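Peer 1: Before I ask anything, let me first share the structure, which is written out below as C-alpha cells.
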Amino acid sequence: MKAMTWDNPKSSPNESPSPRPLSWIVVFLGVLALFLICASGILASYPVGSTVRQYFYGIDRSRFYDISVFPVHESSTDVSSNGSLDLVDNEPSSSDRKVAKTATELNSQELSSESASSEYTETSTDKVDSNLHAQSDLTSNSPLPVAGTISSNVTVNVTIEAPTSAALMNDPGTLITTSNDTSKSHPDSVSTAVPASSNESYSGSVNSGCNLFHGTWLHDSLGPLYRNDSCPVLTQMQNCQGNGRPDKDYENWRWKPFQCDIPRLDPRKFLEVMRGKTLAFIGDSVARNQMESMMCILWQVETPKNNGNRNMQRFYFKSTSVTIIRIWSSWLVKHSSEPFDYAPEGVDKLFLDIPDEKVMEFLPKFDVVVLSSGHWFAKQSVYVLNNEIVGGQLWWPDKSRPMKINNVEAFGISVETMFTALAMHPNFTGLAILRSYSPDHYEGGAWNTGGSCTGKVKPLGLGELVENGHTNAMYEQQVKGFNHASKKATNGSKLLFMDITEAFSYRHDGHPGPFRNKDPNKITVRGPDGKPPPQDCLHWCMPGPVDTWNEILFEMIKREFEGGNAS
C-alpha cells in the first residue's frame with residue numbers, strides 16, 4: 001500500500017508565494033497594541049491578587065463576624081457532689097447499630113464487600129435510654145489561671161487568659177452566606193421571639209452582609225422538612241412524636257434573620273452543591289443530633305449506602321458522590337482512663353493541649369467539618385496541661401491545693417487546641433465550622449436535681465428569656481478559644497463560627513422532655529410531690545428546631561462553594 005503523504009502547499013507547482021502587503025502588517029500591530037492596552041487596564045482595575053488569595057489561601061483573617069458575647073455569671077451551685085453523670089459513652093449506641101442495620105437493609109442490592117465490614121458495638125436497649133447527654137449547671141469558683149503559653153508535642157500553643165467580652169468578628173460578610181430567595185413569611189406567621197434587638201426591616205431580599213444569627217422565630221404552617229416516620233436513622237430518644245409527645249407545633253417554627261430569609265433546605269440542591277465532597281460532623285451526642293437531622297433531610301430524596309465501620313458512621317450518596325460522616329469525640333482532645341500521676345485508673349484524663357488523634361487522622365479526607373462539644377465537661381474528669389494535672393471536674397482529692405483550671409476554662413482550651421491543630425494541619429485546606437454551644441433548658445434545677453422542660457409548647461417570647469450563667473460562660477470560653485486559634489491559621493483552611501446559642505436559647509419547646517422512649521407506661525407528668533419525671537432537655541426533637549442548624553449550615557457552605565450566591 002502506498003504511504004499517505006501530505007503535500008506542502010508552499011511547494012505546490014500551481015501556487016507561488018507572494019509577500020503580504022506592508023500595510024496589513026501595520027494594521028495587525030496596531031490592533032494588537034490596542035488589545036494589550038485594554039487588557040492591562042481591566043487587570044489593573046480588578047483585584048485579581050485578592051481573589052486568588054481568597055480562593056487558594058483562605059479568607060483574610062482580619063475579617064470576622066460581629067457576635068456579641070454574653071456576660072459571664074458565676075454559678076453558686078455546690079460542686080462538691082460527685083454523683084455519677086449519665087453521659088453518652090464513646091462507643092456507638094444501639095441506635096447507631098440500628099442506623100447501620102437499617103441502611104444495610106435498604107441498600108442490600110447495592111452494598112459492596114466494603115460495607116460488609118460495617119459494624120457497630122452492640123449495646124442494650126437500656127443504654128440507648130441512658131443516652132441523655134447531661135448538662136451540669138456547675139461552674140467552679142476557682143480563680144482564673146495566670147496568663148501563659150502552653151506548648152504541646154503537636155505544636156499546638158494554647159494561651160490562657162481571663163475572659164473578655166470583645167466582639168468575635170467585625171465583618172458579617174465573611175462568614176455569612178446569602179440567598180437569592182425572596183419568599184416572604186407565611187401570612188399566618190407570628191413573631192414570638194426576638195433574640196437580638198434590631199431596627200432593620202424583615203425584607204426577603206438578601207445581601208452579602210446578612211447576619212444569619214440575629215433574627216426571630218416565625219410560625220410556619222408549611223411544617224417540617226420530613227416526618228419522624230420517614231427517617232430510618234433517627235435515634236429513638238429524639239423521636240418525640242414516635243415516643244408519644246402529644247403536641248407537635250414545635251415542628252412549625254422557622255428562623256428568620258432580620259436582614260434576609262433562609263430558604264427551606266432543598267436536599268437535591270444540597271447534594272448538588274456538595275457533589276464529590278465529604279461533610280463530617282465531629283463531637284458528642286448533640287453533634288450526632290445534627291448529623292441525623294441532616295441525614296433525615298437528605299434521605300427524603302435518596303437512600304444512601306452505608307459504608308460505616310467502628311471508627312465512624314459513613315453514608316454515601318451515589319448520585320452525587322457525597323459522603324456524610326460522623327466521628328465521636330467527647331471533648332475534641334486526647335483522653336485516657338489510664339493512671340496518670342496521682343489520678344487513678346478509671347477517671348478520664350483530658351490532655352487539653354493534644355487534639356483527638358482519631359480526628360486528626362481522618363481530617364485531610366474531609367472538605368467540610370462541623371465540630372461541636374462542651375457538655376461532656378460536666379462529667380467527672382481530670383485536666384492535664386504540659387504533662388501536669390492542673391484541675392478537675394467532680395474530682396480534686398487535695399482540697400488544700402487550688403485548681404488552676406476549672407471545667408469551663410478547660411472547655412475553652414480544648415476548643416483552641418483542636419482548632420489550632422486544624423488550622424495548622426499541613427494537609428487540611430477545607431472548611432471548618434465551629435457550631436456554638438447548644439443551650440439546655442432544665443428549669444428549676446439541673447438535669448439530675450429536678451430540672452424540667454415539661455409542658456413547653458412554643459418558643460419563648462421577647463423578654464421571657466432567663467439567661468443561664470453556665471451557658472453564657474461556656475459560650476464565651478468557646479468564642480475566646482476560636483478567636484485565638486483563628487489567628488494561627490497557616491494552611492489555607494477557612495475557620496467559621498456558627499453562632500446558634502442565643503437563638504436557640506428561646507426554643508425550650510424543642511426538647512424531648514419526658515418523651516424519651518416508646519414505653520407506654522412511662523411517667524410524663526409530675527408526681528404528687530411535684531417532682532418531675534426523668535427527661536431530656538438537652539437534645540432536640542426530630543423533626544424540630546435542630547433542622548434549622550442544617551439550613552444555616554447549608555447557607556454557610558453555599559457562600560464558600562458558590563461565591564456568596566446562595567439560592
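We label chains A, B, ... in the order they appear in the C-alpha cells, count residues from 1 in each chain, and number ligands from 1 in the order shown.
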Please extract the residues of stretch 224-288 of chain A with a backbone DSSP assignment of strand (DSSP E) and present them as a ChimeraX atom specification.
Peer 2: /A:253-257,278-283
Peer 1: Keeping only N, CA, C and O atoms, take the residues you just selected and write them out as a PDB file, in the first residue's frame.
Peer 2:
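Once written, result19.pdb looks like this:
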ATOM      1  N   TRP A 253     -41.991  26.054  63.382  1.00  0.00           N
ATOM      2  CA  TRP A 253     -41.385  27.375  63.539  1.00  0.00           C
ATOM      3  C   TRP A 253     -40.118  27.436  62.698  1.00  0.00           C
ATOM      4  O   TRP A 253     -39.348  26.472  62.645  1.00  0.00           O
ATOM      5  N   ARG A 254     -39.931  28.544  62.045  1.00  0.00           N
ATOM      6  CA  ARG A 254     -38.711  28.713  61.256  1.00  0.00           C
ATOM      7  C   ARG A 254     -37.952  29.947  61.727  1.00  0.00           C
ATOM      8  O   ARG A 254     -38.544  30.921  62.218  1.00  0.00           O
ATOM      9  N   TRP A 255     -36.653  29.902  61.570  1.00  0.00           N
ATOM     10  CA  TRP A 255     -35.788  31.006  61.970  1.00  0.00           C
ATOM     11  C   TRP A 255     -35.716  32.028  60.850  1.00  0.00           C
ATOM     12  O   TRP A 255     -35.436  31.694  59.700  1.00  0.00           O
ATOM     13  N   LYS A 256     -35.979  33.285  61.178  1.00  0.00           N
ATOM     14  CA  LYS A 256     -35.991  34.371  60.191  1.00  0.00           C
ATOM     15  C   LYS A 256     -34.967  35.424  60.594  1.00  0.00           C
ATOM     16  O   LYS A 256     -35.192  36.214  61.510  1.00  0.00           O
ATOM     17  N   PRO A 257     -33.783  35.456  59.941  1.00  0.00           N
ATOM     18  CA  PRO A 257     -32.842  36.556  60.206  1.00  0.00           C
ATOM     19  C   PRO A 257     -33.495  37.893  59.865  1.00  0.00           C
ATOM     20  O   PRO A 257     -34.362  37.976  58.997  1.00  0.00           O
ATOM     21  N   THR A 278     -17.010  15.579  50.962  1.00  0.00           N
ATOM     22  CA  THR A 278     -17.300  14.882  52.214  1.00  0.00           C
ATOM     23  C   THR A 278     -17.574  15.892  53.324  1.00  0.00           C
ATOM     24  O   THR A 278     -16.792  16.822  53.528  1.00  0.00           O
ATOM     25  N   LEU A 279     -18.676  15.707  54.014  1.00  0.00           N
ATOM     26  CA  LEU A 279     -19.058  16.530  55.157  1.00  0.00           C
ATOM     27  C   LEU A 279     -18.968  15.674  56.408  1.00  0.00           C
ATOM     28  O   LEU A 279     -19.565  14.592  56.464  1.00  0.00           O
ATOM     29  N   ALA A 280     -18.230  16.135  57.400  1.00  0.00           N
ATOM     30  CA  ALA A 280     -18.052  15.373  58.631  1.00  0.00           C
ATOM     31  C   ALA A 280     -18.587  16.150  59.823  1.00  0.00           C
ATOM     32  O   ALA A 280     -18.294  17.340  59.979  1.00  0.00           O
ATOM     33  N   PHE A 281     -19.369  15.481  60.668  1.00  0.00           N
ATOM     34  CA  PHE A 281     -19.817  16.022  61.941  1.00  0.00           C
ATOM     35  C   PHE A 281     -18.989  15.358  63.035  1.00  0.00           C
ATOM     36  O   PHE A 281     -18.953  14.125  63.128  1.00  0.00           O
ATOM     37  N   ILE A 282     -18.329  16.160  63.848  1.00  0.00           N
ATOM     38  CA  ILE A 282     -17.431  15.635  64.870  1.00  0.00           C
ATOM     39  C   ILE A 282     -17.816  16.220  66.217  1.00  0.00           C
ATOM     40  O   ILE A 282     -17.948  17.432  66.362  1.00  0.00           O
ATOM     41  N   GLY A 283     -17.987  15.350  67.201  1.00  0.00           N
ATOM     42  CA  GLY A 283     -18.344  15.829  68.527  1.00  0.00           C
ATOM     43  C   GLY A 283     -19.070  14.778  69.334  1.00  0.00           C
ATOM     44  O   GLY A 283     -18.877  13.577  69.147  1.00  0.00           O
TER      45      GLY A 283
END
Peer 1: Tell me, as a compact mmCIF listing (two decimals) with N, CA, C and O atoms, in the first residue's frame, which residues lie within 12 Å of A:Met360, counting only C-alpha atoms; anything in the same chain fewer than 4 positions away does not count.
Peer 2:
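That gives us result_32.txt:
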# COMPACT_ATOMS: atom_id res chain seq x y z
N VAL A 154 2.44 18.47 69.79
CA VAL A 154 1.87 18.55 68.45
C VAL A 154 1.86 20.00 67.98
O VAL A 154 1.05 20.39 67.17
N ILE A 282 -18.33 16.16 63.85
CA ILE A 282 -17.43 15.63 64.87
C ILE A 282 -17.82 16.22 66.22
O ILE A 282 -17.95 17.43 66.36
N ILE A 327 -17.99 11.32 63.46
CA ILE A 327 -16.95 10.77 64.31
C ILE A 327 -17.23 11.19 65.74
O ILE A 327 -17.44 12.37 66.02
N SER A 329 -16.33 12.26 69.30
CA SER A 329 -15.22 12.87 70.03
C SER A 329 -15.82 13.66 71.18
O SER A 329 -16.33 14.77 70.99
N LEU A 332 -13.02 16.58 72.06
CA LEU A 332 -12.20 17.07 70.95
C LEU A 332 -10.71 17.03 71.26
O LEU A 332 -9.90 17.41 70.41
N VAL A 333 -10.33 16.57 72.43
CA VAL A 333 -8.92 16.44 72.77
C VAL A 333 -8.64 15.00 73.22
O VAL A 333 -9.56 14.22 73.48
N LYS A 334 -7.38 14.69 73.33
CA LYS A 334 -6.98 13.35 73.76
C LYS A 334 -7.48 13.08 75.17
O LYS A 334 -7.41 13.94 76.05
N ILE A 354 -3.53 18.47 73.55
CA ILE A 354 -3.32 17.48 72.49
C ILE A 354 -4.67 17.18 71.84
O ILE A 354 -5.59 16.70 72.50
N PRO A 355 -4.83 17.46 70.55
CA PRO A 355 -6.11 17.20 69.89
C PRO A 355 -6.40 15.71 69.78
O PRO A 355 -5.49 14.88 69.84
N ASP A 356 -7.65 15.38 69.61
CA ASP A 356 -8.09 14.00 69.46
C ASP A 356 -7.38 13.38 68.25
O ASP A 356 -7.54 13.83 67.11
N PRO A 364 -7.65 15.13 56.81
CA PRO A 364 -7.34 15.52 55.43
C PRO A 364 -8.34 15.02 54.39
O PRO A 364 -8.38 15.53 53.27
N LYS A 365 -9.17 14.05 54.75
CA LYS A 365 -10.12 13.48 53.80
C LYS A 365 -11.42 14.27 53.74
O LYS A 365 -12.29 13.97 52.93
N PHE A 366 -11.57 15.28 54.60
CA PHE A 366 -12.83 15.99 54.70
C PHE A 366 -12.76 17.34 53.98
O PHE A 366 -11.76 18.05 54.05
N VAL A 369 -15.99 20.34 57.72
CA VAL A 369 -16.01 19.73 59.04
C VAL A 369 -16.84 20.62 59.98
O VAL A 369 -16.61 21.83 60.04
N THR A 417 -7.23 24.29 71.26
CA THR A 417 -6.30 23.23 70.87
C THR A 417 -6.74 22.56 69.57
O THR A 417 -5.94 22.41 68.64
N MET A 418 -8.00 22.15 69.49
CA MET A 418 -8.46 21.46 68.30
C MET A 418 -8.41 22.35 67.07
O MET A 418 -7.94 21.96 66.01
N PHE A 419 -8.88 23.59 67.20
CA PHE A 419 -8.93 24.45 66.02
C PHE A 419 -7.55 24.97 65.63
O PHE A 419 -7.30 25.26 64.47
N THR A 420 -6.66 25.09 66.59
CA THR A 420 -5.28 25.45 66.22
C THR A 420 -4.64 24.31 65.45
O THR A 420 -3.99 24.53 64.41
N ALA A 421 -4.80 23.09 65.92
CA ALA A 421 -4.25 21.94 65.21
C ALA A 421 -4.86 21.81 63.82
O ALA A 421 -4.16 21.50 62.84
N LEU A 422 -6.14 22.08 63.72
CA LEU A 422 -6.82 22.01 62.44
C LEU A 422 -6.32 23.09 61.49
O LEU A 422 -6.05 22.85 60.32
N ALA A 423 -6.16 24.31 62.03
CA ALA A 423 -5.74 25.44 61.20
C ALA A 423 -4.29 25.32 60.75
O ALA A 423 -3.89 25.97 59.78
N MET A 424 -3.50 24.52 61.45
CA MET A 424 -2.10 24.38 61.10
C MET A 424 -1.78 23.02 60.48
O MET A 424 -0.62 22.72 60.20
N HIS A 425 -2.80 22.21 60.26
CA HIS A 425 -2.59 20.89 59.67
C HIS A 425 -2.12 21.05 58.22
O HIS A 425 -2.80 21.69 57.41
N PRO A 426 -0.98 20.50 57.85
CA PRO A 426 -0.43 20.73 56.51
C PRO A 426 -1.26 20.14 55.39
O PRO A 426 -1.14 20.57 54.24
N ASN A 427 -2.12 19.18 55.69
CA ASN A 427 -2.87 18.50 54.63
C ASN A 427 -4.37 18.77 54.69
O ASN A 427 -5.15 18.08 54.03
N PHE A 428 -4.77 19.77 55.48
CA PHE A 428 -6.19 20.13 55.51
C PHE A 428 -6.36 21.56 55.03
O PHE A 428 -5.81 22.50 55.62
Peer 1: Which residue, A:Tyr506, A:Tyr316, A:Phe497, A:Trp331, has the smallest gap to A:Val466 when you use only C-alpha atoms?
Peer 2: A:Tyr506
Peer 1: How many Å lie between atom CA of A:Leu298 and atom CA of A:Arg268, rounded to one decimal?
Peer 2: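 Between atom CA of A:Leu298 and atom CA of A:Arg268 the gap is 7.6 Å.
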Peer 1: Which polymer residues have any atom within 9 Å of an atom of A:Glu467, counting only C-alpha atoms, with same-chain residues fewer than 4 positions away left out, as a PyMOL selection string?
Peer 2: chain A and resi 471-472+505
Peer 1: Restricting it to N, CA and C atoms, dump the selection as a short mmCIF file (atom, residue, chain, number, x, y, z; two decimals), in the first residue's frame.
Peer 2:
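Okay, this is what ended up in part-v5.cif:
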data_model
loop_
_atom_site.label_atom_id
_atom_site.label_comp_id
_atom_site.auth_asym_id
_atom_site.auth_seq_id
_atom_site.Cartn_x
_atom_site.Cartn_y
_atom_site.Cartn_z
N THR A 471 -24.33 28.50 80.64
CA THR A 471 -24.33 28.57 79.17
C THR A 471 -23.55 29.78 78.69
N ASN A 472 -23.77 30.92 79.33
CA ASN A 472 -23.06 32.14 78.94
C ASN A 472 -21.54 31.98 79.09
N SER A 505 -31.63 29.55 72.57
CA SER A 505 -31.99 29.70 73.97
C SER A 505 -33.48 29.93 74.12
#
Peer 1: Determine the nearest neighbour of A:Pro267 from the options A:Ser330, A:Asn550, A:Gln380, A:Asn517, counting only C-alpha atoms.
Peer 2: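 The answer is A:Asn550, which sits nearest to A:Pro267.
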Peer 1: Just how far from atom CA of A:His508 is atom CA of A:Gly461, in Å to one decimal?
Peer 2: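 Taking atom CA of A:Gly461 as the start and atom CA of A:His508 as the end point, the length is 10.8 Å.
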Peer 1: Could you list, as a PDB file with N, CA and C atoms, in the first residue's frame, every residue within 12 Å of A:Arg245, counting only C-alpha atoms and ignoring same-chain residues fewer than 2 positions away?
Peer 2:
ATOM      1  N   ASN A 228     -41.215  12.138  61.237  1.00  0.00           N
ATOM      2  CA  ASN A 228     -40.436  11.246  62.082  1.00  0.00           C
ATOM      3  C   ASN A 228     -40.450   9.814  61.567  1.00  0.00           C
ATOM      4  N   MET A 237     -34.509   8.262  71.040  1.00  0.00           N
ATOM      5  CA  MET A 237     -34.666   9.259  72.100  1.00  0.00           C
ATOM      6  C   MET A 237     -35.074  10.627  71.577  1.00  0.00           C
ATOM      7  N   GLN A 238     -34.753  10.924  70.318  1.00  0.00           N
ATOM      8  CA  GLN A 238     -35.129  12.209  69.729  1.00  0.00           C
ATOM      9  C   GLN A 238     -36.380  12.106  68.852  1.00  0.00           C
ATOM     10  N   ASN A 239     -36.971  10.906  68.784  1.00  0.00           N
ATOM     11  CA  ASN A 239     -38.193  10.694  68.012  1.00  0.00           C
ATOM     12  C   ASN A 239     -39.394  11.045  68.886  1.00  0.00           C
ATOM     13  N   CYS A 240     -39.605  12.322  69.101  1.00  0.00           N
ATOM     14  CA  CYS A 240     -40.596  12.784  70.082  1.00  0.00           C
ATOM     15  C   CYS A 240     -42.005  12.331  69.727  1.00  0.00           C
ATOM     16  N   GLN A 241     -42.382  12.445  68.456  1.00  0.00           N
ATOM     17  CA  GLN A 241     -43.714  12.002  68.057  1.00  0.00           C
ATOM     18  C   GLN A 241     -43.850  10.494  68.193  1.00  0.00           C
ATOM     19  N   GLY A 242     -42.809   9.765  67.826  1.00  0.00           N
ATOM     20  CA  GLY A 242     -42.838   8.319  67.957  1.00  0.00           C
ATOM     21  C   GLY A 242     -42.865   7.865  69.399  1.00  0.00           C
ATOM     22  N   ASN A 243     -42.425   8.735  70.308  1.00  0.00           N
ATOM     23  CA  ASN A 243     -42.422   8.408  71.735  1.00  0.00           C
ATOM     24  C   ASN A 243     -43.662   8.919  72.459  1.00  0.00           C
ATOM     25  N   ASP A 247     -48.176  17.069  71.616  1.00  0.00           N
ATOM     26  CA  ASP A 247     -48.208  18.275  70.785  1.00  0.00           C
ATOM     27  C   ASP A 247     -47.144  18.167  69.710  1.00  0.00           C
ATOM     28  N   LYS A 248     -47.303  18.931  68.625  1.00  0.00           N
ATOM     29  CA  LYS A 248     -46.284  18.917  67.581  1.00  0.00           C
ATOM     30  C   LYS A 248     -46.098  20.276  66.921  1.00  0.00           C
ATOM     31  N   ASP A 249     -46.647  21.318  67.526  1.00  0.00           N
ATOM     32  CA  ASP A 249     -46.484  22.643  66.930  1.00  0.00           C
ATOM     33  C   ASP A 249     -45.039  23.124  67.010  1.00  0.00           C
ATOM     34  N   TYR A 250     -44.216  22.505  67.872  1.00  0.00           N
ATOM     35  CA  TYR A 250     -42.797  22.854  67.943  1.00  0.00           C
ATOM     36  C   TYR A 250     -42.088  22.584  66.617  1.00  0.00           C
ATOM     37  N   GLU A 251     -42.713  21.790  65.741  1.00  0.00           N
ATOM     38  CA  GLU A 251     -42.134  21.497  64.425  1.00  0.00           C
ATOM     39  C   GLU A 251     -42.387  22.618  63.426  1.00  0.00           C
ATOM     40  N   THR A 454     -40.877  20.101  80.825  1.00  0.00           N
ATOM     41  CA  THR A 454     -42.189  19.539  80.516  1.00  0.00           C
ATOM     42  C   THR A 454     -43.211  20.638  80.262  1.00  0.00           C
ATOM     43  N   GLY A 455     -44.054  20.421  79.257  1.00  0.00           N
ATOM     44  CA  GLY A 455     -45.169  21.324  79.003  1.00  0.00           C
ATOM     45  C   GLY A 455     -44.838  22.544  78.181  1.00  0.00           C
ATOM     46  N   LYS A 456     -43.630  22.640  77.637  1.00  0.00           N
ATOM     47  CA  LYS A 456     -43.267  23.788  76.796  1.00  0.00           C
ATOM     48  C   LYS A 456     -43.729  23.504  75.370  1.00  0.00           C
ATOM     49  N   VAL A 457     -44.601  24.349  74.843  1.00  0.00           N
ATOM     50  CA  VAL A 457     -45.210  24.056  73.545  1.00  0.00           C
ATOM     51  C   VAL A 457     -44.928  25.110  72.480  1.00  0.00           C
ATOM     52  N   ASP A 509     -39.114  24.665  73.900  1.00  0.00           N
ATOM     53  CA  ASP A 509     -40.160  23.734  73.474  1.00  0.00           C
ATOM     54  C   ASP A 509     -39.635  22.615  72.592  1.00  0.00           C
ATOM     55  N   GLY A 510     -38.357  22.674  72.206  1.00  0.00           N
ATOM     56  CA  GLY A 510     -37.851  21.766  71.183  1.00  0.00           C
ATOM     57  C   GLY A 510     -37.188  20.501  71.689  1.00  0.00           C
ATOM     58  N   HIS A 511     -37.238  20.219  72.996  1.00  0.00           N
ATOM     59  CA  HIS A 511     -36.564  19.054  73.568  1.00  0.00           C
ATOM     60  C   HIS A 511     -37.534  17.893  73.799  1.00  0.00           C
ATOM     61  N   PRO A 512     -37.025  16.679  73.881  1.00  0.00           N
ATOM     62  CA  PRO A 512     -37.907  15.525  74.142  1.00  0.00           C
ATOM     63  C   PRO A 512     -38.608  15.590  75.481  1.00  0.00           C
ATOM     64  N   GLY A 513     -37.979  16.213  76.495  1.00  0.00           N
ATOM     65  CA  GLY A 513     -38.586  16.209  77.821  1.00  0.00           C
ATOM     66  C   GLY A 513     -38.727  14.782  78.321  1.00  0.00           C
ATOM     67  N   PRO A 514     -39.891  14.406  78.831  1.00  0.00           N
ATOM     68  CA  PRO A 514     -40.074  13.041  79.332  1.00  0.00           C
ATOM     69  C   PRO A 514     -40.355  12.017  78.235  1.00  0.00           C
ATOM     70  N   PHE A 515     -40.525  12.476  77.001  1.00  0.00           N
ATOM     71  CA  PHE A 515     -40.856  11.567  75.897  1.00  0.00           C
ATOM     72  C   PHE A 515     -39.579  11.054  75.242  1.00  0.00           C
ATOM     73  N   ARG A 516     -38.857  10.226  76.001  1.00  0.00           N
ATOM     74  CA  ARG A 516     -37.538   9.759  75.581  1.00  0.00           C
ATOM     75  C   ARG A 516     -37.555   8.346  75.027  1.00  0.00           C
ATOM     76  N   ASN A 517     -38.656   7.641  75.166  1.00  0.00           N
ATOM     77  CA  ASN A 517     -38.726   6.265  74.679  1.00  0.00           C
ATOM     78  C   ASN A 517     -40.168   5.897  74.366  1.00  0.00           C
ATOM     79  N   LYS A 518     -40.359   4.700  73.835  1.00  0.00           N
ATOM     80  CA  LYS A 518     -41.681   4.269  73.388  1.00  0.00           C
ATOM     81  C   LYS A 518     -42.472   3.573  74.495  1.00  0.00           C
ATOM     82  N   ASP A 519     -41.920   3.462  75.659  1.00  0.00           N
ATOM     83  CA  ASP A 519     -42.590   2.776  76.755  1.00  0.00           C
ATOM     84  C   ASP A 519     -43.963   3.402  77.005  1.00  0.00           C
ATOM     85  N   PRO A 520     -45.038   2.639  76.806  1.00  0.00           N
ATOM     86  CA  PRO A 520     -46.381   3.221  77.003  1.00  0.00           C
ATOM     87  C   PRO A 520     -46.682   3.542  78.462  1.00  0.00           C
ATOM     88  N   LYS A 522     -44.467   4.942  80.588  1.00  0.00           N
ATOM     89  CA  LYS A 522     -43.535   5.927  81.132  1.00  0.00           C
ATOM     90  C   LYS A 522     -44.287   7.071  81.798  1.00  0.00           C
ATOM     91  N   ILE A 523     -43.655   7.639  82.793  1.00  0.00           N
ATOM     92  CA  ILE A 523     -44.242   8.770  83.515  1.00  0.00           C
ATOM     93  C   ILE A 523     -43.907  10.057  82.772  1.00  0.00           C
ATOM     94  N   THR A 524     -44.901  10.852  82.465  1.00  0.00           N
ATOM     95  CA  THR A 524     -44.687  12.080  81.697  1.00  0.00           C
ATOM     96  C   THR A 524     -45.171  13.327  82.427  1.00  0.00           C
ATOM     97  N   VAL A 525     -45.707  13.169  83.619  1.00  0.00           N
ATOM     98  CA  VAL A 525     -46.192  14.334  84.380  1.00  0.00           C
ATOM     99  C   VAL A 525     -45.562  14.298  85.768  1.00  0.00           C
ATOM    100  N   CYS A 541     -35.722  17.421  69.547  1.00  0.00           N
ATOM    101  CA  CYS A 541     -36.658  16.561  68.832  1.00  0.00           C
ATOM    102  C   CYS A 541     -36.357  16.603  67.333  1.00  0.00           C
ATOM    103  N   MET A 542     -36.629  15.486  66.670  1.00  0.00           N
ATOM    104  CA  MET A 542     -36.525  15.435  65.217  1.00  0.00           C
ATOM    105  C   MET A 542     -37.812  14.812  64.651  1.00  0.00           C
TER     106      MET A 542
END
Peer 1: Find, counting only C-alpha atoms, the residue in A:Pro533, A:Pro528, A:Tyr437, A:Ser319 that gets nearest to A:Thr449.
Peer 2: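 Between A:Pro533, A:Pro528, A:Tyr437, A:Ser319, the residue approaching A:Thr449 most closely is A:Pro533.
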Peer 1: Just give me the gap between atom CA of A:Glu388 and atom CA of A:Pro402 in Å, one decimal is fine.
Peer 2: 14.0 Å
Peer 1: Which residue out of A:Gly451, A:Pro439, A:Gly346, A:Pro304 has the minimum interatomic distance to A:Trp395 when only C-alpha atoms are used?
Peer 2: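 Of A:Gly451, A:Pro439, A:Gly346, A:Pro304, the one nearest A:Trp395 is A:Gly346, counting only C-alpha atoms.
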Peer 1: Could you write out, as number ranges by chain, all the residues of stretch 249-365 of chain A that DSSP marks as alpha helix (DSSP H)?
Peer 2: A: 267-273, 285-299, 357-362
Peer 1: Could you turn the residues from that selection into a file that holds N, CA and C atoms, as a short mmCIF file (atom, residue, chain, number, x, y, z; two decimals), in the first residue's frame?
Peer 2:
data_model
loop_
_atom_site.label_atom_id
_atom_site.label_comp_id
_atom_site.auth_asym_id
_atom_site.auth_seq_id
_atom_site.Cartn_x
_atom_site.Cartn_y
_atom_site.Cartn_z
N PRO A 267 -32.90 19.27 49.65
CA PRO A 267 -31.89 18.22 49.71
C PRO A 267 -31.20 17.96 48.38
N ARG A 268 -31.93 18.09 47.28
CA ARG A 268 -31.29 17.89 45.96
C ARG A 268 -30.25 18.98 45.70
N LYS A 269 -30.60 20.20 46.06
CA LYS A 269 -29.66 21.31 45.90
C LYS A 269 -28.42 21.10 46.77
N PHE A 270 -28.64 20.63 48.00
CA PHE A 270 -27.51 20.37 48.88
C PHE A 270 -26.57 19.34 48.27
N LEU A 271 -27.11 18.24 47.79
CA LEU A 271 -26.27 17.18 47.22
C LEU A 271 -25.53 17.69 45.98
N GLU A 272 -26.16 18.56 45.23
CA GLU A 272 -25.51 19.09 44.03
C GLU A 272 -24.36 20.02 44.41
N VAL A 273 -24.60 20.90 45.37
CA VAL A 273 -23.55 21.82 45.80
C VAL A 273 -22.37 21.06 46.40
N SER A 285 -22.96 13.67 71.51
CA SER A 285 -24.29 13.23 71.08
C SER A 285 -25.12 14.36 70.49
N VAL A 286 -24.81 15.61 70.82
CA VAL A 286 -25.52 16.72 70.19
C VAL A 286 -25.04 16.88 68.75
N ALA A 287 -23.77 16.59 68.49
CA ALA A 287 -23.28 16.55 67.11
C ALA A 287 -23.98 15.44 66.34
N ARG A 288 -24.20 14.31 67.01
CA ARG A 288 -24.96 13.22 66.37
C ARG A 288 -26.37 13.69 66.05
N ASN A 289 -26.98 14.45 66.95
CA ASN A 289 -28.30 15.02 66.76
C ASN A 289 -28.35 15.81 65.45
N GLN A 290 -27.34 16.65 65.22
CA GLN A 290 -27.30 17.45 63.99
C GLN A 290 -27.04 16.59 62.77
N MET A 291 -26.14 15.64 62.90
CA MET A 291 -25.84 14.75 61.76
C MET A 291 -27.07 13.96 61.34
N GLU A 292 -27.82 13.42 62.32
CA GLU A 292 -29.00 12.65 61.98
C GLU A 292 -30.08 13.53 61.37
N SER A 293 -30.16 14.78 61.81
CA SER A 293 -31.09 15.72 61.18
C SER A 293 -30.76 15.90 59.70
N MET A 294 -29.48 16.08 59.41
CA MET A 294 -29.07 16.22 58.01
C MET A 294 -29.39 14.96 57.21
N MET A 295 -29.13 13.81 57.81
CA MET A 295 -29.42 12.56 57.13
C MET A 295 -30.91 12.41 56.86
N CYS A 296 -31.74 12.78 57.83
CA CYS A 296 -33.19 12.69 57.65
C CYS A 296 -33.65 13.56 56.48
N ILE A 297 -33.06 14.74 56.36
CA ILE A 297 -33.43 15.65 55.27
C ILE A 297 -33.02 15.07 53.93
N LEU A 298 -31.79 14.59 53.84
CA LEU A 298 -31.29 14.06 52.57
C LEU A 298 -31.96 12.75 52.19
N TRP A 299 -32.36 11.98 53.20
CA TRP A 299 -32.99 10.67 52.95
C TRP A 299 -34.30 10.82 52.19
N GLU A 357 -6.61 12.32 68.50
CA GLU A 357 -5.80 11.72 67.44
C GLU A 357 -6.64 11.15 66.31
N LYS A 358 -7.79 10.58 66.65
CA LYS A 358 -8.64 9.98 65.62
C LYS A 358 -9.16 11.04 64.65
N VAL A 359 -9.51 12.20 65.18
CA VAL A 359 -9.98 13.28 64.32
C VAL A 359 -8.86 13.73 63.39
N MET A 360 -7.67 13.90 63.95
CA MET A 360 -6.55 14.38 63.15
C MET A 360 -6.17 13.37 62.07
N GLU A 361 -6.36 12.09 62.35
CA GLU A 361 -6.01 11.05 61.37
C GLU A 361 -6.85 11.15 60.11
N PHE A 362 -8.15 11.41 60.27
CA PHE A 362 -9.05 11.42 59.12
C PHE A 362 -9.27 12.81 58.54
#
